[in-house]
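Trainee: Could you have a look at this structure, given as structure tokens, before my questions?
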Amino acid sequence: MPVWDDLVGQERVAAQLDAAARDADALVTAEATGETVADASKMTHAWLFTGPPGSGRATAARAFAAALQCVSPDRALGGTPGCGFCDGCHTSLVGTHADVEVVRTDLLSIGVKETRELVRRAQLSPAGGRWQVIVLEDADRLTEGAGNVLLKAVEEPAPRTVWLLCAPSLEDVLPTIRSRCRHLTLRTPSVEAVADLLVRRDGIEPDVAAAAARATQGHIDRARRLATDERARARRAAVLKLPMRVEEIGGCLRAAQELIDAAAEDAKQVAEEVDAKETEELKAALGAAQGGRMPRGTAGVMKDLEDKQKRRRTRTQRDSLDLALVDLTAFYRDVLALQLGSQVALANTEVSDALDRIAHSSSPETTLRRIESIAACRTALDRNVAPLLAVEAMAVSLRRG
């Protein structure tokens, strides 16, 4: 199966990447044989993938990385790089290729120290593959200092190094960096395409896949999680009850507290799954005996790990809370569609009674103000406003309309 098959609803982007992979293959082949390539303009050293959450930015970047490392013998017969079966493709996709570095973060930002390490690696020649590929899935999380460190590497790349950056939009990346990258824009895939992917690749029942794809409006990762995780479905059901619970101030405050508690529980579950394992692995690496004391001079290293885990819990809690706010926005989007008589498909058909009740008891103007209050809450959280304060203010605004 070609590596492009997982790019759901991104035919134009897949065609551009396929053409670039062909040119890249021709460049490497020509270098090995001493020949010259007449035109390889579709290939460049830095790419920027942008698109809304769930559009598959990271999937596109990893697929392109696999195509660049493809060693299928069919290429010599005119085949397209990116077969999906050869050692180069397989190891790139599963994350074990020596010359493909995939960088993703569980933290709130990517700092200067981590970026300098990436830049150092980018200067190396490929160890065994055809290109040295750096996939930065969260380029929007680079601090300003880290972005300036990266800029030099993007301006003056090593001959066989390719940078693949991913971000929600162009505005999330420093202008000096994005101006040096070839830009590809991905779009939100259709509900039907996402449902088909869940059935075809994950073996999910068609009815469940269709419901999950519709509920998440084409967000691939969220649809997969919703279709396979009972806890995710329960949390979403609780969020969709919130609009009916803000009719009085007490209900607003209770609902806000429950949203915060649910997000905190998500963060706690992730911590329980990851933190203990990380801590034990680090202790073993530092030479601590099983259940014994740590060697002298290692307290600073352990403190660094604890700080990292704390930042990850904060990031997880914020991400979980943001997902709840996205679901809440989708609820009021459905209300607005009913009020305006729109023919668009509703995302939350399982709560149609609540949608009808709110649609008939309020005006489109009120619904728009409620959607704006949710957006204001997301902005406040992004600016480090205390989560409970931000959510309580939103809940009161939803009541007021």
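Identifiers in this document derive from the order of the structure tokens: chains are assigned A, B, ..., residues are numbered from 1 separately in each chain, and ligands are numbered from 1 in order of occurrence.
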Need the shell around Glu137 of chain A: protein/DNA/RNA residues with any atom at most 7 Å away, counting only C-alpha atoms. Skip same-chain ones fewer than 6 positions apart. Format as a ChimeraX atom specification?

Mentor: /A:58,103-104,165-166

Trainee: Could you pull out the strand (DSSP E or B) residues of segment 12-140 of chain A, going by DSSP on the backbone, and write them as a list in words?

Mentor: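 Reading the DSSP output for segment 12-140 of chain A, strand (DSSP E or B) covers Ala46, Trp47, Leu48, Phe49, Thr50, Val100, Glu101, Val102, Val103, Ile110, Gln132, Val133, Ile134, Val135 and Leu136 of chain A.
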
Trainee: Just give me the gap between atom CA of Pro168 of chain A and atom CA of Glu272 of chain A in Å, one decimal is fine.

Mentor: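 Here the two named atoms are 29.5 Å from each other.
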
Trainee: Given only C-alpha atoms as the basis, pick out the residue of A:Val239, A:Glu205, A:Leu321, A:Asp382 nearest to Ala267 of chain A.

Mentor: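 The shortest atom-to-atom distance to Ala267 of chain A comes from A:Leu321.
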
Trainee: Which value, in Å to one decimal, gives the distance between atom CA of Leu259 of chain A and atom CA of Val391 of chain A?

Mentor: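 Computed distance, atom CA of Leu259 of chain A to atom CA of Val391 of chain A, equals 8.1 Å.
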
Trainee: Using only C-alpha atoms, which protein or nucleic acid residues come within 12 Å of Leu108 of chain A? Drop anything in the same chain fewer than 2 positions from it, and give the result as a PDB file with all heavy atoms, in the first residue's frame.

Mentor:
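around.pdb was written with the following content:
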ATOM      1  N   ARG A 104       8.017  15.325  18.391  1.00  0.00           N
ATOM      2  CA  ARG A 104       6.720  15.771  18.888  1.00  0.00           C
ATOM      3  C   ARG A 104       6.882  16.045  20.381  1.00  0.00           C
ATOM      4  O   ARG A 104       7.760  15.453  21.019  1.00  0.00           O
ATOM      5  CB  ARG A 104       5.624  14.731  18.632  1.00  0.00           C
ATOM      6  CG  ARG A 104       5.874  13.408  19.317  1.00  0.00           C
ATOM      7  CD  ARG A 104       4.725  12.432  19.083  1.00  0.00           C
ATOM      8  NE  ARG A 104       4.664  12.004  17.714  1.00  0.00           N
ATOM      9  CZ  ARG A 104       5.335  10.957  17.224  1.00  0.00           C
ATOM     10  NH1 ARG A 104       6.130  10.255  18.017  1.00  0.00           N
ATOM     11  NH2 ARG A 104       5.223  10.605  15.978  1.00  0.00           N
ATOM     12  N   THR A 105       6.084  16.910  20.923  1.00  0.00           N
ATOM     13  CA  THR A 105       6.259  17.273  22.320  1.00  0.00           C
ATOM     14  C   THR A 105       4.969  17.123  23.112  1.00  0.00           C
ATOM     15  O   THR A 105       3.886  17.375  22.591  1.00  0.00           O
ATOM     16  CB  THR A 105       6.781  18.722  22.454  1.00  0.00           C
ATOM     17  OG1 THR A 105       6.989  19.022  23.827  1.00  0.00           O
ATOM     18  CG2 THR A 105       5.796  19.729  21.865  1.00  0.00           C
ATOM     19  N   ASP A 106       5.120  16.683  24.351  1.00  0.00           N
ATOM     20  CA  ASP A 106       4.005  16.650  25.288  1.00  0.00           C
ATOM     21  C   ASP A 106       3.979  17.901  26.151  1.00  0.00           C
ATOM     22  O   ASP A 106       3.136  18.033  27.039  1.00  0.00           O
ATOM     23  CB  ASP A 106       4.112  15.421  26.209  1.00  0.00           C
ATOM     24  CG  ASP A 106       3.931  14.123  25.448  1.00  0.00           C
ATOM     25  OD1 ASP A 106       3.067  14.098  24.555  1.00  0.00           O
ATOM     26  OD2 ASP A 106       4.648  13.157  25.735  1.00  0.00           O
ATOM     27  N   ILE A 110       8.708  24.114  22.750  1.00  0.00           N
ATOM     28  CA  ILE A 110       9.990  23.507  22.392  1.00  0.00           C
ATOM     29  C   ILE A 110      11.049  24.583  22.567  1.00  0.00           C
ATOM     30  O   ILE A 110      10.962  25.649  21.943  1.00  0.00           O
ATOM     31  CB  ILE A 110       9.984  22.986  20.942  1.00  0.00           C
ATOM     32  CG1 ILE A 110       8.897  21.929  20.771  1.00  0.00           C
ATOM     33  CG2 ILE A 110      11.347  22.408  20.570  1.00  0.00           C
ATOM     34  CD1 ILE A 110       8.724  21.456  19.337  1.00  0.00           C
ATOM     35  N   GLY A 111      12.031  24.322  23.415  1.00  0.00           N
ATOM     36  CA  GLY A 111      12.996  25.344  23.775  1.00  0.00           C
ATOM     37  C   GLY A 111      14.256  25.337  22.939  1.00  0.00           C
ATOM     38  O   GLY A 111      14.424  24.538  22.013  1.00  0.00           O
ATOM     39  N   ASP A 138       5.400  19.826  15.828  1.00  0.00           N
ATOM     40  CA  ASP A 138       4.828  20.937  16.590  1.00  0.00           C
ATOM     41  C   ASP A 138       5.650  22.207  16.397  1.00  0.00           C
ATOM     42  O   ASP A 138       6.090  22.836  17.362  1.00  0.00           O
ATOM     43  CB  ASP A 138       4.755  20.587  18.079  1.00  0.00           C
ATOM     44  CG  ASP A 138       3.902  19.356  18.343  1.00  0.00           C
ATOM     45  OD1 ASP A 138       2.694  19.434  18.092  1.00  0.00           O
ATOM     46  OD2 ASP A 138       4.445  18.339  18.789  1.00  0.00           O
ATOM     47  N   ALA A 139       5.849  22.601  15.148  1.00  0.00           N
ATOM     48  CA  ALA A 139       6.652  23.794  14.878  1.00  0.00           C
ATOM     49  C   ALA A 139       6.028  25.045  15.475  1.00  0.00           C
ATOM     50  O   ALA A 139       6.724  26.030  15.742  1.00  0.00           O
ATOM     51  CB  ALA A 139       6.829  23.963  13.372  1.00  0.00           C
ATOM     52  N   ASP A 140       4.719  25.024  15.692  1.00  0.00           N
ATOM     53  CA  ASP A 140       4.047  26.176  16.301  1.00  0.00           C
ATOM     54  C   ASP A 140       4.390  26.338  17.778  1.00  0.00           C
ATOM     55  O   ASP A 140       4.106  27.393  18.363  1.00  0.00           O
ATOM     56  CB  ASP A 140       2.534  26.047  16.141  1.00  0.00           C
ATOM     57  CG  ASP A 140       2.003  24.723  16.702  1.00  0.00           C
ATOM     58  OD1 ASP A 140       2.535  23.670  16.306  1.00  0.00           O
ATOM     59  OD2 ASP A 140       1.076  24.746  17.521  1.00  0.00           O
ATOM     60  N   ARG A 141       5.005  25.331  18.378  1.00  0.00           N
ATOM     61  CA  ARG A 141       5.354  25.400  19.798  1.00  0.00           C
ATOM     62  C   ARG A 141       6.803  25.840  20.033  1.00  0.00           C
ATOM     63  O   ARG A 141       7.277  25.852  21.173  1.00  0.00           O
ATOM     64  CB  ARG A 141       5.089  24.053  20.477  1.00  0.00           C
ATOM     65  CG  ARG A 141       3.618  23.670  20.462  1.00  0.00           C
ATOM     66  CD  ARG A 141       3.343  22.433  21.284  1.00  0.00           C
ATOM     67  NE  ARG A 141       1.942  22.032  21.172  1.00  0.00           N
ATOM     68  CZ  ARG A 141       0.970  22.510  21.931  1.00  0.00           C
ATOM     69  NH1 ARG A 141       1.250  23.413  22.856  1.00  0.00           N
ATOM     70  NH2 ARG A 141      -0.272  22.112  21.772  1.00  0.00           N
ATOM     71  N   LEU A 142       7.509  26.181  18.983  1.00  0.00           N
ATOM     72  CA  LEU A 142       8.864  26.702  19.139  1.00  0.00           C
ATOM     73  C   LEU A 142       8.818  28.056  19.849  1.00  0.00           C
ATOM     74  O   LEU A 142       8.032  28.929  19.469  1.00  0.00           O
ATOM     75  CB  LEU A 142       9.541  26.877  17.776  1.00  0.00           C
ATOM     76  CG  LEU A 142       9.941  25.609  17.015  1.00  0.00           C
ATOM     77  CD1 LEU A 142      10.270  25.962  15.576  1.00  0.00           C
ATOM     78  CD2 LEU A 142      11.125  24.939  17.688  1.00  0.00           C
ATOM     79  N   THR A 143       9.652  28.222  20.850  1.00  0.00           N
ATOM     80  CA  THR A 143       9.763  29.551  21.444  1.00  0.00           C
ATOM     81  C   THR A 143      10.459  30.478  20.448  1.00  0.00           C
ATOM     82  O   THR A 143      11.029  30.019  19.443  1.00  0.00           O
ATOM     83  CB  THR A 143      10.574  29.502  22.745  1.00  0.00           C
ATOM     84  OG1 THR A 143      11.921  29.087  22.436  1.00  0.00           O
ATOM     85  CG2 THR A 143       9.965  28.525  23.737  1.00  0.00           C
ATOM     86  N   LYS A 308       9.667  18.217  33.839  1.00  0.00           N
ATOM     87  CA  LYS A 308       9.123  17.857  32.524  1.00  0.00           C
ATOM     88  C   LYS A 308       7.768  17.181  32.672  1.00  0.00           C
ATOM     89  O   LYS A 308       6.817  17.476  31.930  1.00  0.00           O
ATOM     90  CB  LYS A 308      10.099  16.926  31.798  1.00  0.00           C
ATOM     91  CG  LYS A 308       9.563  16.383  30.480  1.00  0.00           C
ATOM     92  CD  LYS A 308      10.513  15.367  29.880  1.00  0.00           C
ATOM     93  CE  LYS A 308       9.891  14.713  28.647  1.00  0.00           C
ATOM     94  NZ  LYS A 308      10.782  13.678  28.072  1.00  0.00           N
ATOM     95  N   GLN A 309       7.644  16.272  33.630  1.00  0.00           N
ATOM     96  CA  GLN A 309       6.385  15.561  33.832  1.00  0.00           C
ATOM     97  C   GLN A 309       5.289  16.511  34.297  1.00  0.00           C
ATOM     98  O   GLN A 309       4.129  16.373  33.897  1.00  0.00           O
ATOM     99  CB  GLN A 309       6.595  14.432  34.843  1.00  0.00           C
ATOM    100  CG  GLN A 309       7.468  13.306  34.304  1.00  0.00           C
ATOM    101  CD  GLN A 309       7.818  12.275  35.350  1.00  0.00           C
ATOM    102  OE1 GLN A 309       7.703  12.531  36.556  1.00  0.00           O
ATOM    103  NE2 GLN A 309       8.261  11.103  34.923  1.00  0.00           N
ATOM    104  N   LYS A 310       5.655  17.489  35.117  1.00  0.00           N
ATOM    105  CA  LYS A 310       4.674  18.476  35.562  1.00  0.00           C
ATOM    106  C   LYS A 310       4.165  19.304  34.395  1.00  0.00           C
ATOM    107  O   LYS A 310       2.956  19.565  34.262  1.00  0.00           O
ATOM    108  CB  LYS A 310       5.293  19.378  36.619  1.00  0.00           C
ATOM    109  CG  LYS A 310       4.322  20.400  37.191  1.00  0.00           C
ATOM    110  CD  LYS A 310       4.980  21.235  38.275  1.00  0.00           C
ATOM    111  CE  LYS A 310       4.002  22.274  38.828  1.00  0.00           C
ATOM    112  NZ  LYS A 310       4.631  23.105  39.889  1.00  0.00           N
ATOM    113  N   ARG A 311       5.085  19.734  33.514  1.00  0.00           N
ATOM    114  CA  ARG A 311       4.670  20.512  32.339  1.00  0.00           C
ATOM    115  C   ARG A 311       3.803  19.681  31.410  1.00  0.00           C
ATOM    116  O   ARG A 311       2.859  20.191  30.805  1.00  0.00           O
ATOM    117  CB  ARG A 311       5.903  21.024  31.591  1.00  0.00           C
ATOM    118  CG  ARG A 311       6.707  22.062  32.359  1.00  0.00           C
ATOM    119  CD  ARG A 311       7.669  22.786  31.442  1.00  0.00           C
ATOM    120  NE  ARG A 311       8.630  21.888  30.827  1.00  0.00           N
ATOM    121  CZ  ARG A 311       9.802  21.550  31.360  1.00  0.00           C
ATOM    122  NH1 ARG A 311      10.155  22.021  32.557  1.00  0.00           N
ATOM    123  NH2 ARG A 311      10.628  20.737  30.734  1.00  0.00           N
ATOM    124  N   ARG A 312       4.100  18.380  31.306  1.00  0.00           N
ATOM    125  CA  ARG A 312       3.292  17.511  30.448  1.00  0.00           C
ATOM    126  C   ARG A 312       1.883  17.356  31.011  1.00  0.00           C
ATOM    127  O   ARG A 312       0.906  17.335  30.248  1.00  0.00           O
ATOM    128  CB  ARG A 312       3.956  16.146  30.300  1.00  0.00           C
ATOM    129  CG  ARG A 312       3.176  15.195  29.387  1.00  0.00           C
ATOM    130  CD  ARG A 312       3.985  13.984  29.040  1.00  0.00           C
ATOM    131  NE  ARG A 312       4.379  13.257  30.235  1.00  0.00           N
ATOM    132  CZ  ARG A 312       5.451  12.466  30.296  1.00  0.00           C
ATOM    133  NH1 ARG A 312       6.229  12.320  29.248  1.00  0.00           N
ATOM    134  NH2 ARG A 312       5.740  11.820  31.412  1.00  0.00           N
ATOM    135  N   ARG A 313       1.755  17.244  32.347  1.00  0.00           N
ATOM    136  CA  ARG A 313       0.425  17.153  32.941  1.00  0.00           C
ATOM    137  C   ARG A 313      -0.382  18.418  32.670  1.00  0.00           C
ATOM    138  O   ARG A 313      -1.588  18.348  32.394  1.00  0.00           O
ATOM    139  CB  ARG A 313       0.536  16.890  34.449  1.00  0.00           C
ATOM    140  CG  ARG A 313       0.929  15.474  34.802  1.00  0.00           C
ATOM    141  CD  ARG A 313       0.725  15.193  36.283  1.00  0.00           C
ATOM    142  NE  ARG A 313       1.655  15.946  37.120  1.00  0.00           N
ATOM    143  CZ  ARG A 313       2.854  15.522  37.476  1.00  0.00           C
ATOM    144  NH1 ARG A 313       3.291  14.350  37.046  1.00  0.00           N
ATOM    145  NH2 ARG A 313       3.626  16.267  38.257  1.00  0.00           N
ATOM    146  N   THR A 314       0.287  19.557  32.746  1.00  0.00           N
ATOM    147  CA  THR A 314      -0.400  20.812  32.445  1.00  0.00           C
ATOM    148  C   THR A 314      -0.859  20.837  30.993  1.00  0.00           C
ATOM    149  O   THR A 314      -1.993  21.233  30.691  1.00  0.00           O
ATOM    150  CB  THR A 314       0.536  22.013  32.710  1.00  0.00           C
ATOM    151  OG1 THR A 314       0.929  22.004  34.084  1.00  0.00           O
ATOM    152  CG2 THR A 314      -0.159  23.325  32.396  1.00  0.00           C
ATOM    153  N   ARG A 315      -0.002  20.424  30.090  1.00  0.00           N
ATOM    154  CA  ARG A 315      -0.350  20.391  28.662  1.00  0.00           C
ATOM    155  C   ARG A 315      -1.507  19.424  28.422  1.00  0.00           C
ATOM    156  O   ARG A 315      -2.463  19.745  27.692  1.00  0.00           O
ATOM    157  CB  ARG A 315       0.880  19.961  27.865  1.00  0.00           C
ATOM    158  CG  ARG A 315       0.606  19.439  26.463  1.00  0.00           C
ATOM    159  CD  ARG A 315       0.450  20.528  25.428  1.00  0.00           C
ATOM    160  NE  ARG A 315       0.061  19.966  24.140  1.00  0.00           N
ATOM    161  CZ  ARG A 315       0.927  19.501  23.224  1.00  0.00           C
ATOM    162  NH1 ARG A 315       2.218  19.548  23.467  1.00  0.00           N
ATOM    163  NH2 ARG A 315       0.482  19.028  22.088  1.00  0.00           N
ATOM    164  N   THR A 316      -1.465  18.242  29.035  1.00  0.00           N
ATOM    165  CA  THR A 316      -2.527  17.257  28.844  1.00  0.00           C
ATOM    166  C   THR A 316      -3.858  17.785  29.356  1.00  0.00           C
ATOM    167  O   THR A 316      -4.903  17.618  28.714  1.00  0.00           O
ATOM    168  CB  THR A 316      -2.171  15.942  29.568  1.00  0.00           C
ATOM    169  OG1 THR A 316      -0.924  15.452  29.081  1.00  0.00           O
ATOM    170  CG2 THR A 316      -3.249  14.892  29.330  1.00  0.00           C
ATOM    171  N   GLN A 317      -3.840  18.446  30.518  1.00  0.00           N
ATOM    172  CA  GLN A 317      -5.075  18.991  31.078  1.00  0.00           C
ATOM    173  C   GLN A 317      -5.650  20.062  30.159  1.00  0.00           C
ATOM    174  O   GLN A 317      -6.859  20.102  29.907  1.00  0.00           O
ATOM    175  CB  GLN A 317      -4.815  19.563  32.467  1.00  0.00           C
ATOM    176  CG  GLN A 317      -6.077  20.102  33.134  1.00  0.00           C
ATOM    177  CD  GLN A 317      -5.839  20.506  34.578  1.00  0.00           C
ATOM    178  OE1 GLN A 317      -4.776  20.263  35.132  1.00  0.00           O
ATOM    179  NE2 GLN A 317      -6.833  21.123  35.188  1.00  0.00           N
ATOM    180  N   ARG A 318      -4.801  20.922  29.635  1.00  0.00           N
ATOM    181  CA  ARG A 318      -5.278  21.978  28.746  1.00  0.00           C
ATOM    182  C   ARG A 318      -5.817  21.397  27.442  1.00  0.00           C
ATOM    183  O   ARG A 318      -6.833  21.855  26.920  1.00  0.00           O
ATOM    184  CB  ARG A 318      -4.147  22.959  28.449  1.00  0.00           C
ATOM    185  CG  ARG A 318      -3.774  23.824  29.643  1.00  0.00           C
ATOM    186  CD  ARG A 318      -2.764  24.872  29.256  1.00  0.00           C
ATOM    187  NE  ARG A 318      -2.378  25.689  30.385  1.00  0.00           N
ATOM    188  CZ  ARG A 318      -1.511  26.684  30.325  1.00  0.00           C
ATOM    189  NH1 ARG A 318      -0.946  26.988  29.178  1.00  0.00           N
ATOM    190  NH2 ARG A 318      -1.209  27.385  31.404  1.00  0.00           N
ATOM    191  N   ASP A 319      -5.133  20.389  26.914  1.00  0.00           N
ATOM    192  CA  ASP A 319      -5.600  19.777  25.670  1.00  0.00           C
ATOM    193  C   ASP A 319      -6.953  19.107  25.869  1.00  0.00           C
ATOM    194  O   ASP A 319      -7.835  19.189  25.005  1.00  0.00           O
ATOM    195  CB  ASP A 319      -4.578  18.753  25.161  1.00  0.00           C
ATOM    196  CG  ASP A 319      -3.348  19.409  24.547  1.00  0.00           C
ATOM    197  OD1 ASP A 319      -3.372  20.646  24.369  1.00  0.00           O
ATOM    198  OD2 ASP A 319      -2.377  18.694  24.263  1.00  0.00           O
ATOM    199  N   ASP A 382      -5.330  29.856  26.527  1.00  0.00           N
ATOM    200  CA  ASP A 382      -4.072  29.935  25.793  1.00  0.00           C
ATOM    201  C   ASP A 382      -3.158  31.001  26.392  1.00  0.00           C
ATOM    202  O   ASP A 382      -1.934  30.936  26.239  1.00  0.00           O
ATOM    203  CB  ASP A 382      -4.357  30.233  24.330  1.00  0.00           C
ATOM    204  CG  ASP A 382      -3.147  30.019  23.442  1.00  0.00           C
ATOM    205  OD1 ASP A 382      -2.518  28.948  23.557  1.00  0.00           O
ATOM    206  OD2 ASP A 382      -2.813  30.917  22.634  1.00  0.00           O
ATOM    207  N   ARG A 383      -3.748  31.982  27.061  1.00  0.00           N
ATOM    208  CA  ARG A 383      -2.963  33.064  27.673  1.00  0.00           C
ATOM    209  C   ARG A 383      -2.708  32.823  29.158  1.00  0.00           C
ATOM    210  O   ARG A 383      -2.379  33.735  29.901  1.00  0.00           O
ATOM    211  CB  ARG A 383      -3.688  34.394  27.475  1.00  0.00           C
ATOM    212  CG  ARG A 383      -3.762  34.814  26.009  1.00  0.00           C
ATOM    213  CD  ARG A 383      -4.587  36.074  25.823  1.00  0.00           C
ATOM    214  NE  ARG A 383      -4.604  36.486  24.420  1.00  0.00           N
ATOM    215  CZ  ARG A 383      -5.358  37.461  23.928  1.00  0.00           C
ATOM    216  NH1 ARG A 383      -6.163  38.138  24.753  1.00  0.00           N
ATOM    217  NH2 ARG A 383      -5.318  37.775  22.656  1.00  0.00           N
ATOM    218  N   ASN A 384      -2.888  31.566  29.574  1.00  0.00           N
ATOM    219  CA  ASN A 384      -2.560  31.139  30.947  1.00  0.00           C
ATOM    220  C   ASN A 384      -3.471  31.729  32.022  1.00  0.00           C
ATOM    221  O   ASN A 384      -3.072  31.860  33.183  1.00  0.00           O
ATOM    222  CB  ASN A 384      -1.099  31.461  31.281  1.00  0.00           C
ATOM    223  CG  ASN A 384      -0.125  30.628  30.478  1.00  0.00           C
ATOM    224  OD1 ASN A 384      -0.369  29.454  30.241  1.00  0.00           O
ATOM    225  ND2 ASN A 384       0.946  31.237  30.026  1.00  0.00           N
TER     226      ASN A 384
END

Trainee: Which neighbours of Gly145 of chain A fall inside 12 Å, counting only C-alpha atoms, when residues of the same chain fewer than 2 positions from it are skipped, and could you give them as a short mmCIF file (atom, residue, chain, number, x, y, z; two decimals) with all heavy atoms, in the first residue's frame?

Mentor:
data_model
loop_
_atom_site.label_atom_id
_atom_site.label_comp_id
_atom_site.auth_asym_id
_atom_site.auth_seq_id
_atom_site.Cartn_x
_atom_site.Cartn_y
_atom_site.Cartn_z
N SER A 109 5.92 23.94 25.10
CA SER A 109 6.77 24.60 24.12
C SER A 109 8.02 23.77 23.84
O SER A 109 8.34 22.84 24.58
CB SER A 109 7.17 26.00 24.61
OG SER A 109 7.94 25.90 25.80
N ILE A 110 8.71 24.11 22.75
CA ILE A 110 9.99 23.51 22.39
C ILE A 110 11.05 24.58 22.57
O ILE A 110 10.96 25.65 21.94
CB ILE A 110 9.98 22.99 20.94
CG1 ILE A 110 8.90 21.93 20.77
CG2 ILE A 110 11.35 22.41 20.57
CD1 ILE A 110 8.72 21.46 19.34
N GLY A 111 12.03 24.32 23.42
CA GLY A 111 13.00 25.34 23.78
C GLY A 111 14.26 25.34 22.94
O GLY A 111 14.42 24.54 22.01
N VAL A 112 15.16 26.23 23.31
CA VAL A 112 16.41 26.41 22.58
C VAL A 112 17.29 25.17 22.66
O VAL A 112 17.89 24.74 21.65
CB VAL A 112 17.17 27.64 23.12
CG1 VAL A 112 18.57 27.73 22.53
CG2 VAL A 112 16.38 28.92 22.84
N LYS A 113 17.37 24.56 23.84
CA LYS A 113 18.24 23.39 24.02
C LYS A 113 17.86 22.26 23.08
O LYS A 113 18.73 21.68 22.41
CB LYS A 113 18.16 22.92 25.48
CG LYS A 113 19.06 21.73 25.78
CD LYS A 113 18.93 21.32 27.24
CE LYS A 113 19.78 20.10 27.55
NZ LYS A 113 19.63 19.67 28.98
N GLU A 114 16.58 21.92 23.03
CA GLU A 114 16.13 20.84 22.15
C GLU A 114 16.37 21.18 20.68
O GLU A 114 16.76 20.32 19.88
CB GLU A 114 14.65 20.55 22.37
CG GLU A 114 14.30 20.12 23.80
CD GLU A 114 13.84 21.30 24.64
OE1 GLU A 114 14.47 22.38 24.54
OE2 GLU A 114 12.86 21.15 25.40
N THR A 115 16.15 22.44 20.32
CA THR A 115 16.30 22.84 18.93
C THR A 115 17.76 22.80 18.50
O THR A 115 18.08 22.41 17.36
CB THR A 115 15.74 24.26 18.72
OG1 THR A 115 14.40 24.31 19.23
CG2 THR A 115 15.71 24.63 17.24
N ARG A 116 18.67 23.19 19.38
CA ARG A 116 20.09 23.11 19.04
C ARG A 116 20.52 21.68 18.77
O ARG A 116 21.34 21.43 17.88
CB ARG A 116 20.92 23.71 20.18
CG ARG A 116 20.93 25.24 20.18
CD ARG A 116 21.76 25.78 21.31
NE ARG A 116 21.80 27.25 21.25
CZ ARG A 116 22.01 28.03 22.28
NH1 ARG A 116 22.21 27.50 23.49
NH2 ARG A 116 22.04 29.34 22.15
N ARG A 141 5.01 25.33 18.38
CA ARG A 141 5.35 25.40 19.80
C ARG A 141 6.80 25.84 20.03
O ARG A 141 7.28 25.85 21.17
CB ARG A 141 5.09 24.05 20.48
CG ARG A 141 3.62 23.67 20.46
CD ARG A 141 3.34 22.43 21.28
NE ARG A 141 1.94 22.03 21.17
CZ ARG A 141 0.97 22.51 21.93
NH1 ARG A 141 1.25 23.41 22.86
NH2 ARG A 141 -0.27 22.11 21.77
N LEU A 142 7.51 26.18 18.98
CA LEU A 142 8.86 26.70 19.14
C LEU A 142 8.82 28.06 19.85
O LEU A 142 8.03 28.93 19.47
CB LEU A 142 9.54 26.88 17.78
CG LEU A 142 9.94 25.61 17.02
CD1 LEU A 142 10.27 25.96 15.58
CD2 LEU A 142 11.13 24.94 17.69
N THR A 143 9.65 28.22 20.85
CA THR A 143 9.76 29.55 21.44
C THR A 143 10.46 30.48 20.45
O THR A 143 11.03 30.02 19.44
CB THR A 143 10.57 29.50 22.75
OG1 THR A 143 11.92 29.09 22.44
CG2 THR A 143 9.97 28.52 23.74
N GLY A 147 13.05 29.34 17.58
CA GLY A 147 12.83 29.65 16.17
C GLY A 147 14.03 30.31 15.53
O GLY A 147 14.39 30.01 14.38
N ASN A 148 14.68 31.18 16.27
CA ASN A 148 15.87 31.84 15.74
C ASN A 148 17.02 30.86 15.56
O ASN A 148 17.82 30.99 14.62
CB ASN A 148 16.29 32.98 16.67
CG ASN A 148 15.30 34.13 16.64
OD1 ASN A 148 14.66 34.38 15.62
ND2 ASN A 148 15.15 34.82 17.75
N VAL A 149 17.12 29.87 16.45
CA VAL A 149 18.14 28.83 16.31
C VAL A 149 17.87 28.00 15.05
O VAL A 149 18.78 27.68 14.29
CB VAL A 149 18.17 27.93 17.55
CG1 VAL A 149 19.05 26.70 17.32
CG2 VAL A 149 18.67 28.71 18.76
N LEU A 150 16.60 27.66 14.84
CA LEU A 150 16.22 26.85 13.68
C LEU A 150 16.43 27.60 12.37
O LEU A 150 16.77 27.00 11.34
CB LEU A 150 14.76 26.43 13.80
CG LEU A 150 14.18 25.59 12.67
CD1 LEU A 150 14.91 24.27 12.56
CD2 LEU A 150 12.70 25.36 12.88
N LEU A 151 16.25 28.92 12.40
CA LEU A 151 16.34 29.71 11.17
C LEU A 151 17.65 29.51 10.44
O LEU A 151 17.68 29.35 9.22
CB LEU A 151 16.15 31.19 11.52
CG LEU A 151 16.31 32.18 10.35
CD1 LEU A 151 15.30 31.89 9.26
CD2 LEU A 151 16.18 33.60 10.87
N LYS A 152 18.76 29.52 11.18
CA LYS A 152 20.07 29.38 10.55
C LYS A 152 20.19 28.05 9.81
O LYS A 152 20.73 27.98 8.70
CB LYS A 152 21.16 29.48 11.62
CG LYS A 152 22.58 29.55 11.08
CD LYS A 152 22.83 30.84 10.34
CE LYS A 152 24.29 30.95 9.94
NZ LYS A 152 24.56 32.17 9.14
N LEU A 174 7.34 31.58 12.63
CA LEU A 174 8.03 32.84 12.40
C LEU A 174 8.09 33.17 10.91
O LEU A 174 8.37 32.29 10.09
CB LEU A 174 9.47 32.76 12.94
CG LEU A 174 9.65 32.80 14.47
CD1 LEU A 174 11.12 32.62 14.81
CD2 LEU A 174 9.13 34.10 15.04
#

Trainee: Extract, using only C-alpha atoms, all DNA, RNA and protein residues at most 12 Å from Ala63 of chain A, discarding same-chain residues fewer than 2 positions from it, and format them as number ranges by chain.

Mentor: A: 1-7, 13-14, 17-18, 21, 56-61, 65-70, 81-84, 88-95, 100, 102, 133, 135, 164

Trainee: How would you write, as a ChimeraX atom specification, the set of residues in segment 98-283 of chain A that DSSP gives as helix (DSSP H, G or I)?

Mentor: /A:112-122,139-141,144-155,170-172,175-178,191-202,206-216,220-228,230-240,242-244,249-283

Trainee: Within 6 Å of segment 334-351 of chain A, counting only C-alpha atoms, which residues show up once you throw out same-chain ones fewer than 3 positions away? Write them as a PyMOL selection string, please.

Mentor: chain A and resi 214-215+331+354-355+359+364
